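What follows is a short report on a single structure.
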Amino acid sequence: MTVFLRLALSCAMLAGGLGSARAASTQAAPAARAVTGAGASASAAHAVRAPAAPCSAPYRIDKTLPNGARWQLCWEMRNIEGLALTKVVYTPKGNRAVTVLRSTALAQIHVPYDSGRPRYHDIGALGYNAIALQSADCPGGERREQFVCVTTRARGHAYLKSDYDGPNASAQGRDLVVFSAFQVGWYTYLVEWAFSDDGSITPRVGATGSLSGFTTTPEHGWPIGVGARTFETSHNHNIFWRLDFDIAGKADDLVEQYDFSGSGTAKRKLERTAFARETKAVNGPMRWWRVVDQKVRNADGHRVSWEINNSDSSEYRGPANEAFTRADVYVSTYRSCERLATVNPSPGCAKSVDRYINGERVKDPVVWVNVGYHHVPRDEDGDLMPTHWQGFRVTARDVTAKNPR
Ligand SMILES: [Cu+2]
């Protein structure tokens with residue numbers, strides 16, 4: 001991975017991003033309060049007005065998947081973060097629209113090598129490195145402004161159940177997929193969000209392209225090429241996402257952590273921790289988080305929420321001067337200048353996500369998710385490098401009163 005990218009950020013670049021997007025989006029989504037309030041019936045669906053289009057046509061994505069689930073969102077290519085998705089609204093079949101995210105984008109790709117250096121921060125000017133996609137790069141989809149692919153793809157069985165008297169009940173699920181590709185030195189990063197027909201969101205990044213060619217001693221690498229002469233350096237890809245949740249609007253959103261104590265015993269006990277103040281958290285067995293709207297309920301009277309599961313991380317922990325690597329999830333209160341998880345470019349703002357967490361009361365939660373992948377090179381990585389994926393899952397929890405199939 002080469003360095004040329006992350007040099008000076010010009011004022012022009014700073015001007016283009018989150019701050020202005022935020023300002024522009026304040027009129028967005030009157031759908032906010034519209035979610036299945038208690039008593040909303042399935043038949044109400046057709047009576048619900050779609051939210052006013054919050055962005056112009058090339059930037060608007062509005063897809064109804066085969067099971068009737070609808071996703072509406074906007075995209076923009078930011079100079080600093082690359083692809084950002086904003087005003088994300090989910091409408092389950094037979095239910096009302098609910099806003100999920102005000103915005104989401106990558107917040108850093110930190111790449112420390114096992115030999116101690118180099119230690120890259122690959123995001124800072126990602127938008128300039130977007131790759132013009134060709135038709136074959138966007139199978140079954142449509143390219144937007146060259147750089148964004150909007151498509152759908154199968155996600156396997158949505159459900160399957162036998163019926164002894166008749167045919168099995170089964171259905172194939174489908175995802176709306178939005179992605180861009182970025183060339184960062186030798187690497188190509190595929191930056192993708194999948195919006196499923198069951199209300200879940202899967203953000204992930206695939207790394208492909210070519211190995212960077214850094215070589216080291218046997219203890220920090222793996223022999224690549226003939227014999228045992230050249231050892232390609234192992235490294236981590238620590239990828240940070242920033243998710244500005246606005247579930248049914250930004251009011252009343254709360255982040256909770258769930259644990260299930262009782263390892264080694266027959267019983268498991270649910271333990272809820274509310275993050276009323278800014279908090280950093282680490283992964284743990286069975287641990288997950290959710291962002292819940294404390295007022296808006298589904299037809300069963302349960303609070304509407306989206307769950308965050310970060311169980312596929314290598315959980316990289318760096319030295320003291322990389323304190324941002326020492327937690328897997330951060331919850332901050334919204335601040336427009338807090339854009340990146342490290343090397344934050346905004347003047348007058350803290351430089352890294354660990355510093356954003358300073359005990360403030362969380363009024364409008366922003367969740368930062370850190371997912372690590374330890375890349376130990378192998379012969380198959382040359383050349384071209386097979387895509388290795390990393391990401392996490394965001395799952396609807398009690399948005400609808402039953403499976404909205
Ligand atoms: Cu790698």
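Ligands are numbered from 1 in the order shown, residues from 1 within each chain, and chains are lettered A, B, ... in the order they appear in the structure tokens.
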query: Counting only C-alpha atoms and all ligand atoms, which protein, DNA or RNA residues come within 12 Å of ligand 1, given as a PyMOL selection string?
result: chain A and resi 1+109-114+120+184-189+205-214+221+232-239+372-378+381-382+385-390
Can you pull out every residue within 10 Å of Phe275 in chain A, counting only C-alpha atoms, but drop anything in the same chain fewer than 5 positions away, and send it as a short mmCIF file (atom, residue, chain, number, x, y, z; two decimals) with N, CA, C and O atoms, in the first residue's frame?
data_model
loop_
_atom_site.label_atom_id
_atom_site.label_comp_id
_atom_site.auth_asym_id
_atom_site.auth_seq_id
_atom_site.Cartn_x
_atom_site.Cartn_y
_atom_site.Cartn_z
N LEU A 254 -31.24 5.64 21.58
CA LEU A 254 -30.37 5.22 22.68
C LEU A 254 -29.60 3.99 22.24
O LEU A 254 -30.16 3.11 21.59
N VAL A 255 -28.31 3.91 22.62
CA VAL A 255 -27.53 2.71 22.34
C VAL A 255 -27.47 1.86 23.60
O VAL A 255 -27.21 2.38 24.70
N GLU A 256 -27.74 0.59 23.45
CA GLU A 256 -27.70 -0.36 24.57
C GLU A 256 -26.71 -1.48 24.22
O GLU A 256 -26.59 -1.86 23.06
N GLN A 257 -26.09 -2.02 25.27
CA GLN A 257 -25.25 -3.21 25.09
C GLN A 257 -25.93 -4.38 25.79
O GLN A 257 -26.45 -4.22 26.90
N LYS A 280 -16.83 3.65 24.96
CA LYS A 280 -16.18 2.71 24.04
C LYS A 280 -16.41 1.31 24.57
O LYS A 280 -16.51 1.10 25.79
N TRP A 289 -24.99 -5.02 20.46
CA TRP A 289 -25.51 -3.68 20.79
C TRP A 289 -26.76 -3.44 19.97
O TRP A 289 -27.00 -4.10 18.97
N VAL A 291 -29.33 0.07 18.61
CA VAL A 291 -29.77 1.46 18.67
C VAL A 291 -31.28 1.40 18.67
O VAL A 291 -31.89 0.87 17.74
N VAL A 331 -19.37 4.82 20.83
CA VAL A 331 -20.63 5.55 20.70
C VAL A 331 -20.37 7.00 21.11
O VAL A 331 -19.97 7.27 22.25
N SER A 332 -20.54 7.90 20.15
CA SER A 332 -20.35 9.32 20.45
C SER A 332 -21.66 10.04 20.19
O SER A 332 -22.56 9.50 19.57
N ARG A 361 -23.09 13.42 27.36
CA ARG A 361 -24.39 12.75 27.25
C ARG A 361 -24.71 12.54 25.76
O ARG A 361 -24.49 13.44 24.95
N VAL A 362 -25.16 11.37 25.43
CA VAL A 362 -25.42 11.06 24.01
C VAL A 362 -26.84 11.45 23.66
O VAL A 362 -27.80 10.82 24.08
N PRO A 365 -26.97 9.59 18.80
CA PRO A 365 -25.83 8.66 18.76
C PRO A 365 -25.24 8.45 17.37
O PRO A 365 -25.96 8.29 16.39
#
- request: For range 148-157 of chain A, work out the shell of residues within 6 Å, counting only C-alpha atoms and skipping chain neighbours fewer than 6 positions away, then give it as a list in words.
  value: Cys138, Gly141, Glu142, Ala171, Gln172, Gly173, Arg174, Asp175, Leu176, Val177, Val178, Phe179 and Ser180 of chain A
Write a file of the just-selected residues containing all heavy atoms, as a compact mmCIF listing (two decimals), in the first residue's frame.
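As a result, again_34.txt now contains:
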# COMPACT_ATOMS: atom_id res chain seq x y z
N CYS A 138 -20.42 -4.30 -12.64
CA CYS A 138 -21.70 -4.01 -11.96
C CYS A 138 -22.77 -4.95 -12.51
O CYS A 138 -23.70 -4.51 -13.18
CB CYS A 138 -22.06 -2.53 -12.17
SG CYS A 138 -23.57 -2.00 -11.34
N GLY A 141 -26.77 -4.59 -12.64
CA GLY A 141 -27.14 -3.34 -11.98
C GLY A 141 -26.98 -2.15 -12.88
O GLY A 141 -26.82 -2.27 -14.09
N GLU A 142 -27.03 -0.99 -12.27
CA GLU A 142 -26.83 0.24 -13.03
C GLU A 142 -25.72 1.04 -12.38
O GLU A 142 -25.59 1.10 -11.16
CB GLU A 142 -28.11 1.06 -13.10
CG GLU A 142 -28.73 1.32 -11.76
CD GLU A 142 -29.93 2.25 -11.84
OE1 GLU A 142 -29.80 3.31 -12.48
OE2 GLU A 142 -30.97 1.92 -11.26
N ALA A 171 -38.61 -19.50 0.55
CA ALA A 171 -38.41 -18.33 -0.32
C ALA A 171 -36.94 -17.99 -0.36
O ALA A 171 -36.20 -18.25 0.60
CB ALA A 171 -39.22 -17.14 0.20
N GLN A 172 -36.54 -17.44 -1.48
CA GLN A 172 -35.18 -16.96 -1.65
C GLN A 172 -35.13 -15.46 -1.34
O GLN A 172 -35.97 -14.70 -1.81
CB GLN A 172 -34.70 -17.21 -3.08
CG GLN A 172 -34.58 -18.70 -3.40
CD GLN A 172 -33.54 -19.37 -2.53
OE1 GLN A 172 -32.37 -18.99 -2.52
NE2 GLN A 172 -33.97 -20.36 -1.74
N GLY A 173 -34.15 -15.09 -0.53
CA GLY A 173 -34.00 -13.68 -0.16
C GLY A 173 -33.17 -12.92 -1.18
O GLY A 173 -32.46 -13.50 -2.00
N ARG A 174 -33.28 -11.61 -1.11
CA ARG A 174 -32.55 -10.77 -2.06
C ARG A 174 -32.04 -9.51 -1.36
O ARG A 174 -32.69 -9.01 -0.43
CB ARG A 174 -33.43 -10.40 -3.24
CG ARG A 174 -32.65 -10.08 -4.48
CD ARG A 174 -33.35 -10.43 -5.78
NE ARG A 174 -32.42 -10.17 -6.87
CZ ARG A 174 -31.64 -11.09 -7.42
NH1 ARG A 174 -31.69 -12.34 -7.03
NH2 ARG A 174 -30.79 -10.76 -8.38
N ASP A 175 -30.91 -9.04 -1.83
CA ASP A 175 -30.29 -7.83 -1.29
C ASP A 175 -30.24 -6.74 -2.36
O ASP A 175 -29.94 -7.03 -3.52
CB ASP A 175 -28.82 -8.09 -0.89
CG ASP A 175 -28.68 -8.95 0.35
OD1 ASP A 175 -29.66 -9.08 1.10
OD2 ASP A 175 -27.57 -9.49 0.55
N LEU A 176 -30.46 -5.51 -1.94
CA LEU A 176 -30.03 -4.35 -2.71
C LEU A 176 -28.57 -4.10 -2.33
O LEU A 176 -28.24 -4.08 -1.13
CB LEU A 176 -30.88 -3.13 -2.33
CG LEU A 176 -30.32 -1.77 -2.72
CD1 LEU A 176 -30.30 -1.58 -4.24
CD2 LEU A 176 -31.15 -0.66 -2.06
N VAL A 177 -27.72 -3.96 -3.33
CA VAL A 177 -26.29 -3.79 -3.06
C VAL A 177 -25.81 -2.49 -3.69
O VAL A 177 -26.09 -2.24 -4.88
CB VAL A 177 -25.48 -4.98 -3.61
CG1 VAL A 177 -23.99 -4.80 -3.35
CG2 VAL A 177 -25.97 -6.29 -3.00
N VAL A 178 -25.12 -1.69 -2.91
CA VAL A 178 -24.56 -0.43 -3.40
C VAL A 178 -23.06 -0.45 -3.11
O VAL A 178 -22.67 -0.70 -1.97
CB VAL A 178 -25.21 0.78 -2.69
CG1 VAL A 178 -24.67 2.08 -3.26
CG2 VAL A 178 -26.72 0.71 -2.81
N PHE A 179 -22.26 -0.28 -4.13
CA PHE A 179 -20.81 -0.28 -3.86
C PHE A 179 -20.04 0.63 -4.80
O PHE A 179 -20.52 1.01 -5.87
CB PHE A 179 -20.23 -1.71 -3.91
CG PHE A 179 -20.06 -2.27 -5.30
CD1 PHE A 179 -18.87 -2.06 -6.01
CD2 PHE A 179 -21.07 -3.00 -5.89
CE1 PHE A 179 -18.71 -2.58 -7.29
CE2 PHE A 179 -20.90 -3.53 -7.16
CZ PHE A 179 -19.73 -3.32 -7.87
N SER A 180 -18.84 0.97 -4.34
CA SER A 180 -17.84 1.65 -5.16
C SER A 180 -16.50 0.95 -4.94
O SER A 180 -16.33 0.25 -3.95
CB SER A 180 -17.68 3.12 -4.75
OG SER A 180 -18.82 3.85 -5.09
message: Just want the 6 Å neighbourhood of Leu243 in chain A, counted on only C-alpha atoms, with same-chain residues fewer than 4 positions away dropped. Output as JSON, numbers by chain.
response: {"A": [104, 366, 367]}
Can I get the selected residues back with C-alpha atoms, as a compact mmCIF listing (two decimals), in the first residue's frame?
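The file below, again-v5.txt, is the result:
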# COMPACT_ATOMS: atom_id res chain seq x y z
CA THR A 104 -22.96 6.02 6.89
CA VAL A 366 -23.15 8.01 16.20
CA VAL A 367 -21.78 4.46 16.26
Which of range 80-197 of chain A counts as strand (DSSP E) under DSSP, as a short mmCIF file (atom, residue, chain, number, x, y, z; two decimals) with C-alpha atoms, in the first residue's frame please?
data_model
loop_
_atom_site.label_atom_id
_atom_site.label_comp_id
_atom_site.auth_asym_id
_atom_site.auth_seq_id
_atom_site.Cartn_x
_atom_site.Cartn_y
_atom_site.Cartn_z
CA GLY A 82 -15.38 8.16 -0.48
CA LEU A 83 -18.83 6.67 -0.89
CA ALA A 84 -21.38 7.84 1.69
CA LEU A 85 -24.99 6.77 1.96
CA THR A 86 -27.51 9.12 3.50
CA LYS A 87 -31.17 9.26 4.49
CA VAL A 88 -31.61 5.51 4.56
CA VAL A 89 -35.28 4.55 4.89
CA TYR A 90 -36.68 1.01 5.18
CA THR A 91 -40.28 0.09 4.44
CA VAL A 98 -38.90 4.07 9.08
CA THR A 99 -35.68 6.02 8.82
CA VAL A 100 -32.64 4.03 9.91
CA LEU A 101 -29.54 6.10 9.21
CA ARG A 102 -28.88 9.75 8.65
CA SER A 103 -25.60 8.71 7.04
CA THR A 104 -22.96 6.02 6.89
CA ALA A 105 -19.49 5.97 5.38
CA LEU A 106 -16.09 4.50 5.98
CA ALA A 107 -14.17 6.31 8.68
CA GLN A 108 -10.71 4.76 8.27
CA ILE A 109 -8.70 1.84 6.93
CA HIS A 110 -5.74 1.49 9.28
CA VAL A 111 -3.10 -0.91 7.99
CA PRO A 112 -0.30 -1.67 10.47
CA ARG A 119 1.39 1.79 9.53
CA TYR A 120 -0.96 3.34 7.02
CA HIS A 121 -4.13 5.36 7.38
CA GLU A 142 -26.83 0.24 -13.03
CA ARG A 143 -23.81 2.46 -12.77
CA ARG A 144 -24.30 5.93 -11.35
CA VAL A 148 -21.25 3.70 -7.97
CA CYS A 149 -22.94 0.41 -8.74
CA VAL A 150 -26.53 -0.19 -7.65
CA THR A 151 -27.61 -3.78 -8.11
CA THR A 152 -29.40 -6.70 -6.42
CA ARG A 153 -28.27 -10.24 -5.72
CA ALA A 154 -29.51 -13.47 -4.19
CA ARG A 155 -28.83 -14.02 -0.50
CA GLY A 156 -29.92 -17.64 -0.21
CA HIS A 157 -32.87 -18.98 1.70
CA ALA A 158 -34.97 -16.36 3.42
CA TYR A 159 -36.75 -19.26 5.15
CA LEU A 160 -37.74 -22.88 4.65
CA LYS A 161 -40.24 -24.98 6.55
CA ALA A 169 -42.88 -23.02 2.55
CA SER A 170 -39.67 -21.50 1.29
CA ALA A 171 -38.41 -18.33 -0.32
CA GLN A 172 -35.18 -16.96 -1.65
CA GLY A 173 -34.00 -13.68 -0.16
CA ARG A 174 -32.55 -10.77 -2.06
CA ASP A 175 -30.29 -7.83 -1.29
CA LEU A 176 -30.03 -4.35 -2.71
CA VAL A 177 -26.29 -3.79 -3.06
CA VAL A 178 -24.56 -0.43 -3.40
CA PHE A 179 -20.81 -0.28 -3.86
CA SER A 180 -17.84 1.65 -5.16
CA ALA A 181 -14.24 0.58 -5.74
CA PHE A 182 -11.15 2.57 -4.79
CA GLN A 183 -7.54 2.16 -5.86
CA VAL A 184 -5.24 2.75 -2.88
CA TYR A 187 -4.74 -2.48 -3.21
CA THR A 188 -8.25 -2.18 -4.54
CA TYR A 189 -10.93 -1.71 -1.90
CA LEU A 190 -14.52 -2.65 -2.69
CA VAL A 191 -16.71 -0.63 -0.35
CA GLU A 192 -20.16 -2.15 -0.19
CA TRP A 193 -23.44 -2.01 1.70
CA ALA A 194 -26.07 -4.72 1.29
CA PHE A 195 -29.65 -3.84 2.23
CA SER A 196 -31.60 -7.04 2.69
#
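The environment of Lys363 in chain A within 8 Å, counting only C-alpha atoms and disregarding residues fewer than 4 places along the same chain, consists of Ala251, Asp252, Asp253, Thr333 and Tyr334 of chain A.
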task: Mind checking which residues fall within 12 Å of Arg335 in chain A, counting only C-alpha atoms, ignoring those fewer than 3 positions away in the same chain, and posting them as a PyMOL selection string?
output: chain A and resi 18-19+22+242+244+331-332+338-340+346+348-350+353+356-357+360+362-367
Residues within 10 Å of Thr230 in chain A, please, as a PDB file with N, CA and C atoms, in the first residue's frame. Count only C-alpha atoms; anything in the same chain fewer than 5 positions from it doesn't count.
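And here is the file that came out, result-v6.pdb:
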ATOM      1  N   GLY A 213       3.855  -5.895  -1.551  1.00  0.00           N
ATOM      2  CA  GLY A 213       5.245  -6.222  -1.838  1.00  0.00           C
ATOM      3  C   GLY A 213       6.231  -5.885  -0.733  1.00  0.00           C
ATOM      4  N   PHE A 214       5.742  -5.568   0.457  1.00  0.00           N
ATOM      5  CA  PHE A 214       6.659  -5.336   1.574  1.00  0.00           C
ATOM      6  C   PHE A 214       7.176  -6.678   2.087  1.00  0.00           C
ATOM      7  N   THR A 215       8.471  -6.786   2.212  1.00  0.00           N
ATOM      8  CA  THR A 215       9.031  -8.055   2.670  1.00  0.00           C
ATOM      9  C   THR A 215       9.701  -7.881   4.024  1.00  0.00           C
ATOM     10  N   THR A 216       9.848  -9.008   4.728  1.00  0.00           N
ATOM     11  CA  THR A 216      10.308  -8.954   6.103  1.00  0.00           C
ATOM     12  C   THR A 216      11.031 -10.248   6.445  1.00  0.00           C
ATOM     13  N   THR A 217      11.276 -10.424   7.720  1.00  0.00           N
ATOM     14  CA  THR A 217      11.911 -11.654   8.210  1.00  0.00           C
ATOM     15  C   THR A 217      10.829 -12.708   8.469  1.00  0.00           C
ATOM     16  N   PRO A 218      11.211 -13.984   8.539  1.00  0.00           N
ATOM     17  CA  PRO A 218      10.203 -15.047   8.634  1.00  0.00           C
ATOM     18  C   PRO A 218       9.203 -14.863   9.775  1.00  0.00           C
ATOM     19  N   GLY A 221       6.213 -12.619   8.535  1.00  0.00           N
ATOM     20  CA  GLY A 221       5.610 -12.755   7.208  1.00  0.00           C
ATOM     21  C   GLY A 221       5.416 -14.200   6.807  1.00  0.00           C
ATOM     22  N   TRP A 222       5.272 -14.390   5.505  1.00  0.00           N
ATOM     23  CA  TRP A 222       4.998 -15.721   4.941  1.00  0.00           C
ATOM     24  C   TRP A 222       5.756 -15.814   3.621  1.00  0.00           C
ATOM     25  N   PRO A 223       6.376 -16.987   3.375  1.00  0.00           N
ATOM     26  CA  PRO A 223       7.159 -17.086   2.130  1.00  0.00           C
ATOM     27  C   PRO A 223       6.279 -17.021   0.891  1.00  0.00           C
ATOM     28  N   ILE A 224       6.585 -16.080   0.038  1.00  0.00           N
ATOM     29  CA  ILE A 224       5.854 -15.911  -1.221  1.00  0.00           C
ATOM     30  C   ILE A 224       6.870 -16.073  -2.346  1.00  0.00           C
ATOM     31  N   GLY A 225       6.507 -16.789  -3.377  1.00  0.00           N
ATOM     32  CA  GLY A 225       7.460 -17.068  -4.441  1.00  0.00           C
ATOM     33  C   GLY A 225       8.214 -18.364  -4.125  1.00  0.00           C
TER      34      GLY A 225
END
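Proximity ranking of A:Pro118, A:Pro404, A:Pro167, A:Gly391 relative to Asn67 in chain A places A:Pro404 first, based on only C-alpha atoms.
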- request: Go through A:Pro54, A:Pro92, A:Gly124, A:Gly68 one by one, measure the shortest atom-to-atom distance of each to Pro345 in chain A using only C-alpha atoms, and give the residue with the smallest value.
  value: A:Gly124
